[in-house]
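Participant: Just my_file-v2.cif, nothing more (mmCIF, C-alpha atoms):
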```cif
data_query
#
loop_
_atom_site.group_PDB
_atom_site.id
_atom_site.type_symbol
_atom_site.label_atom_id
_atom_site.label_comp_id
_atom_site.auth_asym_id
_atom_site.auth_seq_id
_atom_site.Cartn_x
_atom_site.Cartn_y
_atom_site.Cartn_z
ATOM 1 C CA MET A 5 -40.678 -4.973 8.758
ATOM 2 C CA VAL A 6 -42.566 -2.150 7.087
ATOM 3 C CA SER A 7 -40.030 -1.570 4.352
ATOM 4 C CA ASN A 8 -40.636 -4.951 2.719
ATOM 5 C CA ASN A 9 -43.653 -3.724 0.765
ATOM 6 C CA SER A 10 -41.858 -0.787 -0.766
ATOM 7 C CA SER A 11 -38.890 -2.892 -1.851
ATOM 8 C CA HIS A 12 -41.272 -5.250 -3.641
ATOM 9 C CA THR A 13 -43.046 -2.529 -5.521
ATOM 10 C CA THR A 14 -39.830 -0.961 -6.842
ATOM 11 C CA HIS A 15 -38.612 -4.373 -8.177
ATOM 12 C CA ARG A 16 -35.007 -3.449 -7.592
ATOM 13 C CA HIS A 17 -32.723 -6.447 -7.572
ATOM 14 C CA ARG A 18 -30.826 -6.608 -4.361
ATOM 15 C CA ASP A 19 -28.728 -9.284 -2.685
ATOM 16 C CA ASP A 20 -26.967 -7.997 0.402
ATOM 17 C CA VAL A 21 -25.611 -11.397 1.443
ATOM 18 C CA GLY A 22 -24.200 -11.904 -2.048
ATOM 19 C CA ALA A 23 -22.605 -8.446 -1.971
ATOM 20 C CA LYS A 24 -20.970 -9.187 1.365
ATOM 21 C CA LEU A 25 -19.760 -12.618 0.219
ATOM 22 C CA GLY A 26 -18.164 -10.907 -2.778
ATOM 23 C CA MET A 27 -16.464 -8.420 -0.455
ATOM 24 C CA TRP A 28 -15.150 -11.256 1.719
ATOM 25 C CA LEU A 29 -13.744 -13.022 -1.360
ATOM 26 C CA PHE A 30 -11.892 -9.804 -2.195
ATOM 27 C CA LEU A 31 -10.628 -9.567 1.385
ATOM 28 C CA PHE A 32 -9.231 -13.102 1.048
ATOM 29 C CA THR A 33 -7.109 -12.020 -1.919
ATOM 30 C CA GLU A 34 -5.815 -9.153 0.250
ATOM 31 C CA LEU A 35 -5.073 -11.655 3.005
ATOM 32 C CA LEU A 36 -3.044 -13.794 0.604
ATOM 33 C CA LEU A 37 -1.134 -10.699 -0.556
ATOM 34 C CA PHE A 38 -0.166 -9.802 2.999
ATOM 35 C CA GLY A 39 0.156 -13.503 3.910
ATOM 36 C CA GLY A 40 3.018 -13.840 1.443
ATOM 37 C CA MET A 41 4.822 -10.949 3.116
ATOM 38 C CA PHE A 42 4.212 -12.362 6.586
ATOM 39 C CA LEU A 43 5.642 -15.645 5.311
ATOM 40 C CA ALA A 44 8.797 -13.893 4.068
ATOM 41 C CA TYR A 45 9.042 -12.159 7.438
ATOM 42 C CA ALA A 46 8.699 -15.470 9.317
ATOM 43 C CA VAL A 47 11.390 -17.231 7.285
ATOM 44 C CA TYR A 48 13.899 -14.362 7.573
ATOM 45 C CA ARG A 49 13.203 -13.859 11.257
ATOM 46 C CA MET A 50 14.017 -17.555 11.795
ATOM 47 C CA LYS A 51 17.198 -17.129 9.800
ATOM 48 C CA TYR A 52 18.386 -13.889 11.471
ATOM 49 C CA PRO A 53 16.829 -13.767 14.973
ATOM 50 C CA GLN A 54 19.605 -11.602 16.481
ATOM 51 C CA GLN A 55 19.624 -8.995 13.734
ATOM 52 C CA PHE A 56 15.815 -8.739 13.800
ATOM 53 C CA HIS A 57 16.015 -8.174 17.538
ATOM 54 C CA LEU A 58 18.713 -5.531 17.114
ATOM 55 C CA SER A 59 16.829 -3.694 14.360
ATOM 56 C CA ALA A 60 13.554 -3.694 16.286
ATOM 57 C CA MET A 61 15.315 -1.795 19.076
ATOM 58 C CA GLU A 62 15.381 1.152 16.644
ATOM 59 C CA MET A 63 11.578 1.189 16.540
ATOM 60 C CA ASN A 64 9.562 3.663 18.567
ATOM 61 C CA THR A 65 7.206 1.430 20.578
ATOM 62 C CA THR A 66 5.240 4.426 21.853
ATOM 63 C CA ILE A 67 4.295 5.625 18.369
ATOM 64 C CA GLY A 68 3.484 2.021 17.416
ATOM 65 C CA THR A 69 1.216 1.620 20.441
ATOM 66 C CA ILE A 70 -0.517 4.958 19.825
ATOM 67 C CA ASN A 71 -1.143 3.981 16.201
ATOM 68 C CA THR A 72 -2.554 0.625 17.321
ATOM 69 C CA ILE A 73 -5.007 2.380 19.648
ATOM 70 C CA ILE A 74 -5.893 4.882 16.887
ATOM 71 C CA LEU A 75 -6.712 2.114 14.395
ATOM 72 C CA LEU A 76 -8.678 0.095 16.967
ATOM 73 C CA THR A 77 -10.693 3.211 17.824
ATOM 74 C CA SER A 78 -11.290 3.949 14.143
ATOM 75 C CA SER A 79 -12.653 0.402 13.790
ATOM 76 C CA LEU A 80 -15.040 1.161 16.653
ATOM 77 C CA THR A 81 -16.280 4.426 15.106
ATOM 78 C CA MET A 82 -16.635 2.606 11.765
ATOM 79 C CA VAL A 83 -18.897 -0.067 13.188
ATOM 80 C CA LEU A 84 -20.806 2.540 15.229
ATOM 81 C CA SER A 85 -21.454 4.439 11.996
ATOM 82 C CA ILE A 86 -23.108 1.286 10.581
ATOM 83 C CA ALA A 87 -25.049 0.725 13.809
ATOM 84 C CA ALA A 88 -26.279 4.344 13.713
ATOM 85 C CA ILE A 89 -27.561 4.074 10.132
ATOM 86 C CA GLN A 90 -29.307 0.814 11.099
ATOM 87 C CA LYS A 91 -31.058 2.725 13.858
ATOM 88 C CA LYS A 92 -32.085 5.398 11.296
ATOM 89 C CA ASN A 93 -29.792 7.976 12.872
ATOM 90 C CA LYS A 94 -28.244 9.587 9.805
ATOM 91 C CA PHE A 95 -26.627 12.444 11.719
ATOM 92 C CA LEU A 96 -24.840 10.148 14.201
ATOM 93 C CA SER A 97 -23.745 7.871 11.361
ATOM 94 C CA ILE A 98 -22.106 10.845 9.615
ATOM 95 C CA ILE A 99 -20.414 11.942 12.854
ATOM 96 C CA PHE A 100 -18.950 8.460 13.411
ATOM 97 C CA LEU A 101 -17.829 8.129 9.806
ATOM 98 C CA VAL A 102 -16.086 11.527 9.922
ATOM 99 C CA SER A 103 -14.400 10.434 13.195
ATOM 100 C CA THR A 104 -13.154 7.307 11.408
ATOM 101 C CA LEU A 105 -11.665 9.469 8.658
ATOM 102 C CA ILE A 106 -10.012 11.812 11.178
ATOM 103 C CA LEU A 107 -8.473 8.836 13.008
ATOM 104 C CA GLY A 108 -7.207 7.536 9.654
ATOM 105 C CA VAL A 109 -5.509 10.889 9.045
ATOM 106 C CA LEU A 110 -3.978 10.802 12.556
ATOM 107 C CA PHE A 111 -2.611 7.316 11.873
ATOM 108 C CA LEU A 112 -0.944 8.524 8.679
ATOM 109 C CA ILE A 113 0.484 11.631 10.394
ATOM 110 C CA ASN A 114 2.088 9.387 13.031
ATOM 111 C CA LYS A 115 3.400 7.120 10.295
ATOM 112 C CA TYR A 116 4.869 10.150 8.532
ATOM 113 C CA PHE A 117 6.795 11.209 11.642
ATOM 114 C CA GLU A 118 7.876 7.640 12.332
ATOM 115 C CA TRP A 119 9.209 7.069 8.820
ATOM 116 C CA GLY A 120 10.680 10.575 8.809
ATOM 117 C CA HIS A 121 12.607 9.763 11.969
ATOM 118 C CA GLU A 122 14.058 6.555 10.469
ATOM 119 C CA ILE A 123 14.892 8.257 7.185
ATOM 120 C CA SER A 124 16.601 11.164 8.995
ATOM 121 C CA LYS A 125 18.846 8.550 10.630
ATOM 122 C CA GLY A 126 19.739 7.440 7.117
ATOM 123 C CA ILE A 127 17.771 4.194 7.347
ATOM 124 C CA TYR A 128 15.750 3.689 4.188
ATOM 125 C CA PRO A 129 15.843 1.037 1.448
ATOM 126 C CA GLY A 130 19.077 1.276 -0.491
ATOM 127 C CA SER A 131 20.681 3.889 1.782
ATOM 128 C CA GLU A 132 24.410 3.712 2.522
ATOM 129 C CA VAL A 133 23.825 3.455 6.276
ATOM 130 C CA LEU A 134 21.480 0.512 5.810
ATOM 131 C CA LEU A 135 23.587 -1.283 3.212
ATOM 132 C CA SER A 136 26.605 -1.163 5.536
ATOM 133 C CA LYS A 137 24.646 -3.211 8.090
ATOM 134 C CA ASP A 138 24.247 -6.996 8.281
ATOM 135 C CA ASN A 139 21.976 -8.925 5.933
ATOM 136 C CA GLY A 140 19.402 -9.565 8.646
ATOM 137 C CA GLU A 141 19.055 -5.861 9.433
ATOM 138 C CA ILE A 142 18.733 -4.948 5.756
ATOM 139 C CA LEU A 143 15.979 -7.556 5.460
ATOM 140 C CA TYR A 144 14.229 -6.333 8.607
ATOM 141 C CA PHE A 145 14.064 -2.742 7.389
ATOM 142 C CA GLY A 146 13.188 -3.839 3.851
ATOM 143 C CA LEU A 147 10.242 -5.808 5.222
ATOM 144 C CA TYR A 148 9.381 -2.963 7.608
ATOM 145 C CA TYR A 149 9.112 -0.389 4.808
ATOM 146 C CA ALA A 150 7.378 -2.786 2.401
ATOM 147 C CA MET A 151 4.795 -4.095 4.890
ATOM 148 C CA THR A 152 3.964 -0.886 6.767
ATOM 149 C CA GLY A 153 4.081 0.938 3.410
ATOM 150 C CA LEU A 154 1.598 -1.441 1.796
ATOM 151 C CA HIS A 155 -0.522 -1.226 4.934
ATOM 152 C CA GLY A 156 -0.391 2.586 4.824
ATOM 153 C CA LEU A 157 -1.465 2.466 1.185
ATOM 154 C CA HIS A 158 -4.469 0.407 2.270
ATOM 155 C CA VAL A 159 -5.316 3.001 4.923
ATOM 156 C CA ILE A 160 -5.282 5.688 2.206
ATOM 157 C CA ILE A 161 -7.454 3.573 -0.133
ATOM 158 C CA GLY A 162 -9.827 2.832 2.762
ATOM 159 C CA MET A 163 -10.143 6.542 3.505
ATOM 160 C CA ILE A 164 -10.946 7.338 -0.134
ATOM 161 C CA VAL A 165 -13.658 4.645 -0.098
ATOM 162 C CA LEU A 166 -15.054 5.986 3.188
ATOM 163 C CA LEU A 167 -15.114 9.502 1.732
ATOM 164 C CA PHE A 168 -17.405 8.218 -1.025
ATOM 165 C CA MET A 169 -19.585 6.509 1.588
ATOM 166 C CA LEU A 170 -19.843 9.822 3.446
ATOM 167 C CA VAL A 171 -21.240 11.470 0.301
ATOM 168 C CA PHE A 172 -23.616 8.510 -0.189
ATOM 169 C CA ILE A 173 -24.977 8.862 3.344
ATOM 170 C CA ILE A 174 -25.396 12.623 2.975
ATOM 171 C CA ASN A 175 -27.421 12.319 -0.236
ATOM 172 C CA ASP A 176 -29.431 9.339 1.064
ATOM 173 C CA ASN A 177 -27.916 6.825 -1.343
ATOM 174 C CA ILE A 178 -27.105 4.857 1.822
ATOM 175 C CA LYS A 179 -30.174 4.624 4.059
ATOM 176 C CA TRP A 180 -31.303 2.720 7.161
ATOM 177 C CA ASP A 181 -32.774 -0.078 4.993
ATOM 178 C CA ASP A 182 -30.017 -0.120 2.364
ATOM 179 C CA TYR A 183 -26.491 0.207 3.700
ATOM 180 C CA VAL A 184 -24.571 -2.789 2.342
ATOM 181 C CA LYS A 185 -22.091 -0.400 0.669
ATOM 182 C CA LEU A 186 -21.225 1.086 4.047
ATOM 183 C CA GLU A 187 -20.980 -2.408 5.566
ATOM 184 C CA ASN A 188 -18.585 -3.591 2.845
ATOM 185 C CA SER A 189 -16.413 -0.490 3.220
ATOM 186 C CA GLY A 190 -16.383 -1.225 6.938
ATOM 187 C CA LEU A 191 -15.204 -4.787 6.238
ATOM 188 C CA TYR A 192 -12.277 -3.371 4.261
ATOM 189 C CA TRP A 193 -11.424 -0.937 7.064
ATOM 190 C CA HIS A 194 -11.502 -3.748 9.643
ATOM 191 C CA LEU A 195 -9.226 -5.919 7.506
ATOM 192 C CA VAL A 196 -6.694 -3.084 7.467
ATOM 193 C CA ASP A 197 -7.024 -2.967 11.263
ATOM 194 C CA ILE A 198 -6.502 -6.745 11.571
ATOM 195 C CA ILE A 199 -3.330 -6.586 9.464
ATOM 196 C CA TRP A 200 -1.985 -3.864 11.768
ATOM 197 C CA ILE A 201 -2.856 -6.022 14.811
ATOM 198 C CA PHE A 202 -0.267 -8.518 13.509
ATOM 199 C CA LEU A 203 2.265 -5.999 12.149
ATOM 200 C CA PHE A 204 2.494 -4.203 15.495
ATOM 201 C CA PRO A 205 3.926 -7.033 17.669
ATOM 202 C CA LEU A 206 6.076 -8.351 14.796
ATOM 203 C CA PHE A 207 7.910 -5.071 14.152
ATOM 204 C CA TYR A 208 7.668 -3.140 17.417
ATOM 205 C CA LEU A 209 7.587 -5.707 20.206
ATOM 206 C CA ILE A 210 10.580 -7.967 19.608
ATOM 207 C CA GLN A 211 12.538 -8.285 22.816
ATOM 208 C CA MET B 15 -29.995 -7.135 21.563
ATOM 209 C CA GLU B 16 -30.287 -8.582 18.079
ATOM 210 C CA GLU B 17 -33.067 -7.848 15.709
ATOM 211 C CA HIS B 18 -33.676 -10.001 12.685
ATOM 212 C CA ASN B 19 -35.043 -8.621 9.463
ATOM 213 C CA LYS B 20 -35.931 -11.590 7.264
ATOM 214 C CA GLU B 21 -35.942 -9.773 3.960
ATOM 215 C CA SER B 22 -32.408 -8.422 4.074
ATOM 216 C CA SER B 23 -31.111 -10.621 6.941
ATOM 217 C CA HIS B 24 -29.576 -7.698 8.797
ATOM 218 C CA HIS B 25 -28.725 -7.836 12.447
ATOM 219 C CA ILE B 26 -28.445 -4.962 14.820
ATOM 220 C CA ILE B 27 -25.943 -5.080 17.659
ATOM 221 C CA ASP B 28 -26.079 -2.499 20.454
ATOM 222 C CA TYR B 29 -23.606 0.389 20.645
ATOM 223 C CA GLY B 30 -22.647 -0.874 24.130
ATOM 224 C CA THR B 31 -21.459 -4.240 22.801
ATOM 225 C CA TYR B 32 -19.145 -2.507 20.329
ATOM 226 C CA VAL B 33 -17.729 -0.197 22.997
ATOM 227 C CA PHE B 34 -17.166 -3.191 25.295
ATOM 228 C CA VAL B 35 -15.281 -5.061 22.550
ATOM 229 C CA TRP B 36 -13.200 -1.930 21.879
ATOM 230 C CA LEU B 37 -12.290 -1.764 25.584
ATOM 231 C CA LEU B 38 -11.228 -5.419 25.429
ATOM 232 C CA LEU B 39 -9.080 -4.690 22.354
ATOM 233 C CA VAL B 40 -7.378 -1.716 24.012
ATOM 234 C CA GLY B 41 -6.850 -3.806 27.165
ATOM 235 C CA LEU B 42 -5.259 -6.616 25.140
ATOM 236 C CA THR B 43 -3.005 -4.059 23.424
ATOM 237 C CA SER B 44 -1.707 -2.778 26.774
ATOM 238 C CA LEU B 45 -1.279 -6.393 27.877
ATOM 239 C CA THR B 46 0.811 -7.304 24.850
ATOM 240 C CA VAL B 47 2.976 -4.160 25.262
ATOM 241 C CA THR B 48 3.477 -4.916 28.974
ATOM 242 C CA ILE B 49 4.343 -8.561 28.328
ATOM 243 C CA ALA B 50 6.858 -7.524 25.662
ATOM 244 C CA GLY B 51 8.751 -5.679 28.411
ATOM 245 C CA ILE B 52 9.140 -8.911 30.389
ATOM 246 C CA ASN B 53 11.742 -11.342 29.150
ATOM 247 C CA LEU B 54 9.949 -14.584 28.331
ATOM 248 C CA GLY B 55 12.667 -15.876 26.047
ATOM 249 C CA ASP B 56 11.330 -18.044 23.257
ATOM 250 C CA TYR B 57 7.750 -17.626 24.440
ATOM 251 C CA THR B 58 7.665 -13.858 23.722
ATOM 252 C CA LEU B 59 6.674 -14.364 20.085
ATOM 253 C CA VAL B 60 4.175 -17.134 20.894
ATOM 254 C CA VAL B 61 2.427 -15.002 23.532
ATOM 255 C CA ALA B 62 2.385 -11.913 21.264
ATOM 256 C CA MET B 63 0.907 -13.904 18.373
ATOM 257 C CA PHE B 64 -1.654 -15.541 20.662
ATOM 258 C CA ILE B 65 -2.867 -12.126 21.871
ATOM 259 C CA ALA B 66 -2.923 -10.834 18.273
ATOM 260 C CA LEU B 67 -5.061 -13.845 17.293
ATOM 261 C CA ILE B 68 -7.549 -13.111 20.089
ATOM 262 C CA LYS B 69 -7.738 -9.457 18.997
ATOM 263 C CA ALA B 70 -8.248 -10.409 15.337
ATOM 264 C CA SER B 71 -10.967 -12.906 16.307
ATOM 265 C CA LEU B 72 -12.797 -10.208 18.288
ATOM 266 C CA VAL B 73 -12.682 -7.820 15.332
ATOM 267 C CA ILE B 74 -13.894 -10.523 12.917
ATOM 268 C CA ALA B 75 -16.660 -11.838 15.205
ATOM 269 C CA ILE B 76 -18.140 -8.544 16.403
ATOM 270 C CA PHE B 77 -16.942 -5.610 14.257
ATOM 271 C CA MET B 78 -17.174 -7.625 11.035
ATOM 272 C CA HIS B 79 -20.509 -9.106 12.187
ATOM 273 C CA ILE B 80 -19.495 -12.727 11.581
ATOM 274 C CA LYS B 81 -21.070 -13.765 14.896
ATOM 275 C CA VAL B 82 -24.532 -12.790 13.623
ATOM 276 C CA GLU B 83 -23.921 -13.406 9.910
ATOM 277 C CA GLU B 84 -25.117 -16.484 8.030
ATOM 278 C CA PRO B 85 -23.064 -19.707 8.511
ATOM 279 C CA ILE B 86 -21.701 -19.633 4.947
ATOM 280 C CA PHE B 87 -19.403 -16.728 5.956
ATOM 281 C CA LYS B 88 -17.788 -18.893 8.637
ATOM 282 C CA VAL B 89 -17.213 -21.643 6.061
ATOM 283 C CA PHE B 90 -15.532 -19.109 3.742
ATOM 284 C CA ILE B 91 -13.259 -17.839 6.499
ATOM 285 C CA ALA B 92 -12.371 -21.359 7.631
ATOM 286 C CA ILE B 93 -11.324 -22.241 4.065
ATOM 287 C CA ILE B 94 -9.048 -19.189 3.677
ATOM 288 C CA LEU B 95 -7.474 -19.711 7.104
ATOM 289 C CA ILE B 96 -6.758 -23.375 6.348
ATOM 290 C CA THR B 97 -5.288 -22.337 2.970
ATOM 291 C CA LEU B 98 -2.970 -19.823 4.685
ATOM 292 C CA LEU B 99 -2.016 -22.416 7.311
ATOM 293 C CA VAL B 100 -1.156 -24.975 4.625
ATOM 294 C CA ILE B 101 1.008 -22.405 2.789
ATOM 295 C CA PHE B 102 2.886 -21.609 6.014
ATOM 296 C CA ILE B 103 3.314 -25.278 7.016
ATOM 297 C CA LEU B 104 4.507 -26.335 3.554
ATOM 298 C CA THR B 105 6.986 -23.434 3.360
ATOM 299 C CA PHE B 106 8.425 -24.207 6.772
ATOM 300 C CA ALA B 107 8.517 -27.945 6.045
ATOM 301 C CA ASP B 108 10.592 -27.097 2.976
ATOM 302 C CA TYR B 109 12.718 -24.447 4.690
ATOM 303 C CA SER B 110 13.502 -26.487 7.829
ATOM 304 C CA PHE B 111 14.908 -29.456 5.938
ATOM 305 C CA ARG B 112 17.296 -27.667 3.616
#
```
Please lay out the structure from this file as structure tokens.
Facilitator:
Amino acid sequence: MVSNNSSHTTHRHRDDVGAKLGMWLFLFTELLLFGGMFLAYAVYRMKYPQQFHLSAMEMNTTIGTINTIILLTSSLTMVLSIAAIQKKNKFLSIIFLVSTLILGVLFLINKYFEWGHEISKGIYPGSEVLLSKDNGEILYFGLYYAMTGLHGLHVIIGMIVLLFMLVFIINDNIKWDDYVKLENSGLYWHLVDIIWIFLFPLFYLIQ
Amino acid sequence: MEEHNKESSHHIIDYGTYVFVWLLLVGLTSLTVTIAGINLGDYTLVVAMFIALIKASLVIAIFMHIKVEEPIFKVFIAIILITLLVIFILTFADYSFR
């Protein structure tokens, strides 16, 4: 491609594959962090199947489903933002990235109402209502708040990172021939999506 | 559909492919919600996890570009997945025989 000459003359060291491998290594540490929590979930669900079933009845499947669709769509707009910058369409890339951020906000708003609803019923870690329940139910809601909370924290971190990427695109720090930063941020966003793909059936779809 | 730039080894996938994968993901989500409404007994969890695995694989392969990325990425992912699997198997081997 034409750009090869210019990148040689500037002598800037660049290793996109290396940068992405580094990002993947970081994602693996995230996977182990969540993996430990999934493991705790699996063991306790085996130990208290009835109570987990009972507790999951409290969950609002509709909000869970809507949030799943929101995150999946935000993953789409994220990857479209990368595709647009690859095709030298800066404007479209910005539009898609802003859409991703808006969907992230919508996800958190839903989460706020969902948690608010549970908390208004008196169900939160350490509450009297919860502590009067069986062990299995206490564990279910403990895991629910810890895992969706940690996931929500990742959504917030992802949005902060994407906000920086937005500025980088606007001031041409990220361009059609140099966008590995945007790609790596996208990888992080997709990991957050993948974790939700597993959280959703485990907490909302127990029958 | 894919364009290869030797210098930076970047691949370009069409917008349409991404939208198609997104439609698949939304379809699988409705499927898993629908199936959860049917009583499958012990298979409910297995089916839900199977669908989640398919969804995750789609995201990794297409959205995370692993399908068009260099083979070393697949090796990396295989290693981490095997590590996670071993952790789960060892924990359950310990837990089941207490």
Participant: Which residues of chain B have any atom within 9 Å of an atom in chain A when counting all atoms listed in the file, and what is the closest pair of atoms for each, with the distance in Å to one decimal? Order the rows by chain and rising number and write it as JSON lines.
Facilitator:
```
{"residue": "B:Asn19", "atom": "CA", "partner": "A:Met5", "partner_atom": "CA", "distance": 6.7}
{"residue": "B:Lys20", "atom": "CA", "partner": "A:Met5", "partner_atom": "CA", "distance": 8.3}
{"residue": "B:Glu21", "atom": "CA", "partner": "A:Asn8", "partner_atom": "CA", "distance": 6.8}
{"residue": "B:Ser22", "atom": "CA", "partner": "A:Asp20", "partner_atom": "CA", "distance": 6.6}
{"residue": "B:Ser23", "atom": "CA", "partner": "A:Val21", "partner_atom": "CA", "distance": 7.8}
{"residue": "B:His24", "atom": "CA", "partner": "A:Asp20", "partner_atom": "CA", "distance": 8.8}
{"residue": "B:His25", "atom": "CA", "partner": "A:Gln90", "partner_atom": "CA", "distance": 8.8}
{"residue": "B:Ile26", "atom": "CA", "partner": "A:Ala87", "partner_atom": "CA", "distance": 6.7}
{"residue": "B:Ile27", "atom": "CA", "partner": "A:Ala87", "partner_atom": "CA", "distance": 7.0}
{"residue": "B:Asp28", "atom": "CA", "partner": "A:Ala87", "partner_atom": "CA", "distance": 7.5}
{"residue": "B:Tyr29", "atom": "CA", "partner": "A:Leu84", "partner_atom": "CA", "distance": 6.5}
{"residue": "B:Tyr32", "atom": "CA", "partner": "A:Leu80", "partner_atom": "CA", "distance": 6.6}
{"residue": "B:Val33", "atom": "CA", "partner": "A:Leu80", "partner_atom": "CA", "distance": 7.0}
{"residue": "B:Val35", "atom": "CA", "partner": "A:Leu80", "partner_atom": "CA", "distance": 8.6}
{"residue": "B:Trp36", "atom": "CA", "partner": "A:Leu80", "partner_atom": "CA", "distance": 6.3}
{"residue": "B:Leu39", "atom": "CA", "partner": "A:Leu76", "partner_atom": "CA", "distance": 7.2}
{"residue": "B:Val40", "atom": "CA", "partner": "A:Ile73", "partner_atom": "CA", "distance": 6.4}
{"residue": "B:Thr43", "atom": "CA", "partner": "A:Thr69", "partner_atom": "CA", "distance": 7.7}
{"residue": "B:Ser44", "atom": "CA", "partner": "A:Thr69", "partner_atom": "CA", "distance": 8.2}
{"residue": "B:Thr46", "atom": "CA", "partner": "A:Pro205", "partner_atom": "CA", "distance": 7.8}
{"residue": "B:Val47", "atom": "CA", "partner": "A:Leu209", "partner_atom": "CA", "distance": 7.0}
{"residue": "B:Ala50", "atom": "CA", "partner": "A:Leu209", "partner_atom": "CA", "distance": 5.8}
{"residue": "B:Gly51", "atom": "CA", "partner": "A:Gln211", "partner_atom": "CA", "distance": 7.2}
{"residue": "B:Ile52", "atom": "CA", "partner": "A:Gln211", "partner_atom": "CA", "distance": 8.3}
{"residue": "B:Asn53", "atom": "CA", "partner": "A:Gln211", "partner_atom": "CA", "distance": 7.1}
{"residue": "B:Leu54", "atom": "CA", "partner": "A:Gln211", "partner_atom": "CA", "distance": 8.8}
{"residue": "B:Gly55", "atom": "CA", "partner": "A:Gln211", "partner_atom": "CA", "distance": 8.3}
{"residue": "B:Thr58", "atom": "CA", "partner": "A:Gln211", "partner_atom": "CA", "distance": 7.5}
{"residue": "B:Leu59", "atom": "CA", "partner": "A:Ile210", "partner_atom": "CA", "distance": 7.5}
{"residue": "B:Ala62", "atom": "CA", "partner": "A:Pro205", "partner_atom": "CA", "distance": 6.3}
{"residue": "B:Met63", "atom": "CA", "partner": "A:Phe202", "partner_atom": "CA", "distance": 7.4}
{"residue": "B:Ala66", "atom": "CA", "partner": "A:Phe202", "partner_atom": "CA", "distance": 5.9}
{"residue": "B:Leu67", "atom": "CA", "partner": "A:Phe202", "partner_atom": "CA", "distance": 8.1}
{"residue": "B:Lys69", "atom": "CA", "partner": "A:Ile201", "partner_atom": "CA", "distance": 7.3}
{"residue": "B:Ala70", "atom": "CA", "partner": "A:Ile198", "partner_atom": "CA", "distance": 5.5}
{"residue": "B:Ser71", "atom": "CA", "partner": "A:Ile198", "partner_atom": "CA", "distance": 9.0}
{"residue": "B:Val73", "atom": "CA", "partner": "A:His194", "partner_atom": "CA", "distance": 7.1}
{"residue": "B:Ile74", "atom": "CA", "partner": "A:His194", "partner_atom": "CA", "distance": 7.9}
{"residue": "B:Phe77", "atom": "CA", "partner": "A:Val83", "partner_atom": "CA", "distance": 6.0}
{"residue": "B:Met78", "atom": "CA", "partner": "A:Leu191", "partner_atom": "CA", "distance": 5.9}
{"residue": "B:Glu83", "atom": "CA", "partner": "A:Val21", "partner_atom": "CA", "distance": 8.9}
{"residue": "B:Glu84", "atom": "CA", "partner": "A:Val21", "partner_atom": "CA", "distance": 8.3}
{"residue": "B:Ile86", "atom": "CA", "partner": "A:Leu25", "partner_atom": "CA", "distance": 8.7}
{"residue": "B:Phe87", "atom": "CA", "partner": "A:Leu25", "partner_atom": "CA", "distance": 7.1}
{"residue": "B:Phe90", "atom": "CA", "partner": "A:Trp28", "partner_atom": "CA", "distance": 8.1}
{"residue": "B:Ile91", "atom": "CA", "partner": "A:Phe32", "partner_atom": "CA", "distance": 8.3}
{"residue": "B:Ile94", "atom": "CA", "partner": "A:Phe32", "partner_atom": "CA", "distance": 6.6}
{"residue": "B:Leu98", "atom": "CA", "partner": "A:Gly39", "partner_atom": "CA", "distance": 7.1}
{"residue": "B:Ile101", "atom": "CA", "partner": "A:Leu43", "partner_atom": "CA", "distance": 8.6}
{"residue": "B:Phe102", "atom": "CA", "partner": "A:Leu43", "partner_atom": "CA", "distance": 6.6}
{"residue": "B:Thr105", "atom": "CA", "partner": "A:Leu43", "partner_atom": "CA", "distance": 8.1}
{"residue": "B:Phe106", "atom": "CA", "partner": "A:Val47", "partner_atom": "CA", "distance": 7.6}
{"residue": "B:Tyr109", "atom": "CA", "partner": "A:Val47", "partner_atom": "CA", "distance": 7.8}
```
Participant: Provide the atom CA of Val82 of chain B to atom CA of Ile178 of chain A distance in Å, to one decimal place.
Facilitator: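 Atom-to-atom, atom CA of Val82 of chain B to atom CA of Ile178 of chain A, that is 21.4 Å.
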Participant: To one decimal place in Å, what is the distance between atom CA of Lys179 of chain A and atom CA of Gly26 of chain A?
Facilitator: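 Atom-to-atom, atom CA of Lys179 of chain A and atom CA of Gly26 of chain A are spaced 20.8 Å apart.
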Participant: Using the chain letters and numbers from the file, give me the residues hit by the PyMOL selection byres ((chain A and resi 149-158) around 9), as an MDAnalysis selection string.
Facilitator: chainID A and resid 38 41:42 111:112 115 119 128:129 144:148 159:163 192:193 196 199:200 203
Participant: Rounded to one decimal in Å, what is the spacing between atom CA of Lys92 of chain A and atom CA of Ser189 of chain A?
Facilitator: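 Straight-line distance from atom CA of Lys92 of chain A to atom CA of Ser189 of chain A works out to 18.6 Å.
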Participant: Edge lengths and centre in Å to one decimal, as AutoDock Vina command-line options, is what I'm after for the box along x, y and z that holds all listed atoms of segment 107-118 of chain A once 4 Å is added on each side.
Facilitator:
```
--center_x -0.3 --center_y 9.4 --center_z 10.8 --size_x 24.3 --size_y 12.5 --size_z 12.5
```
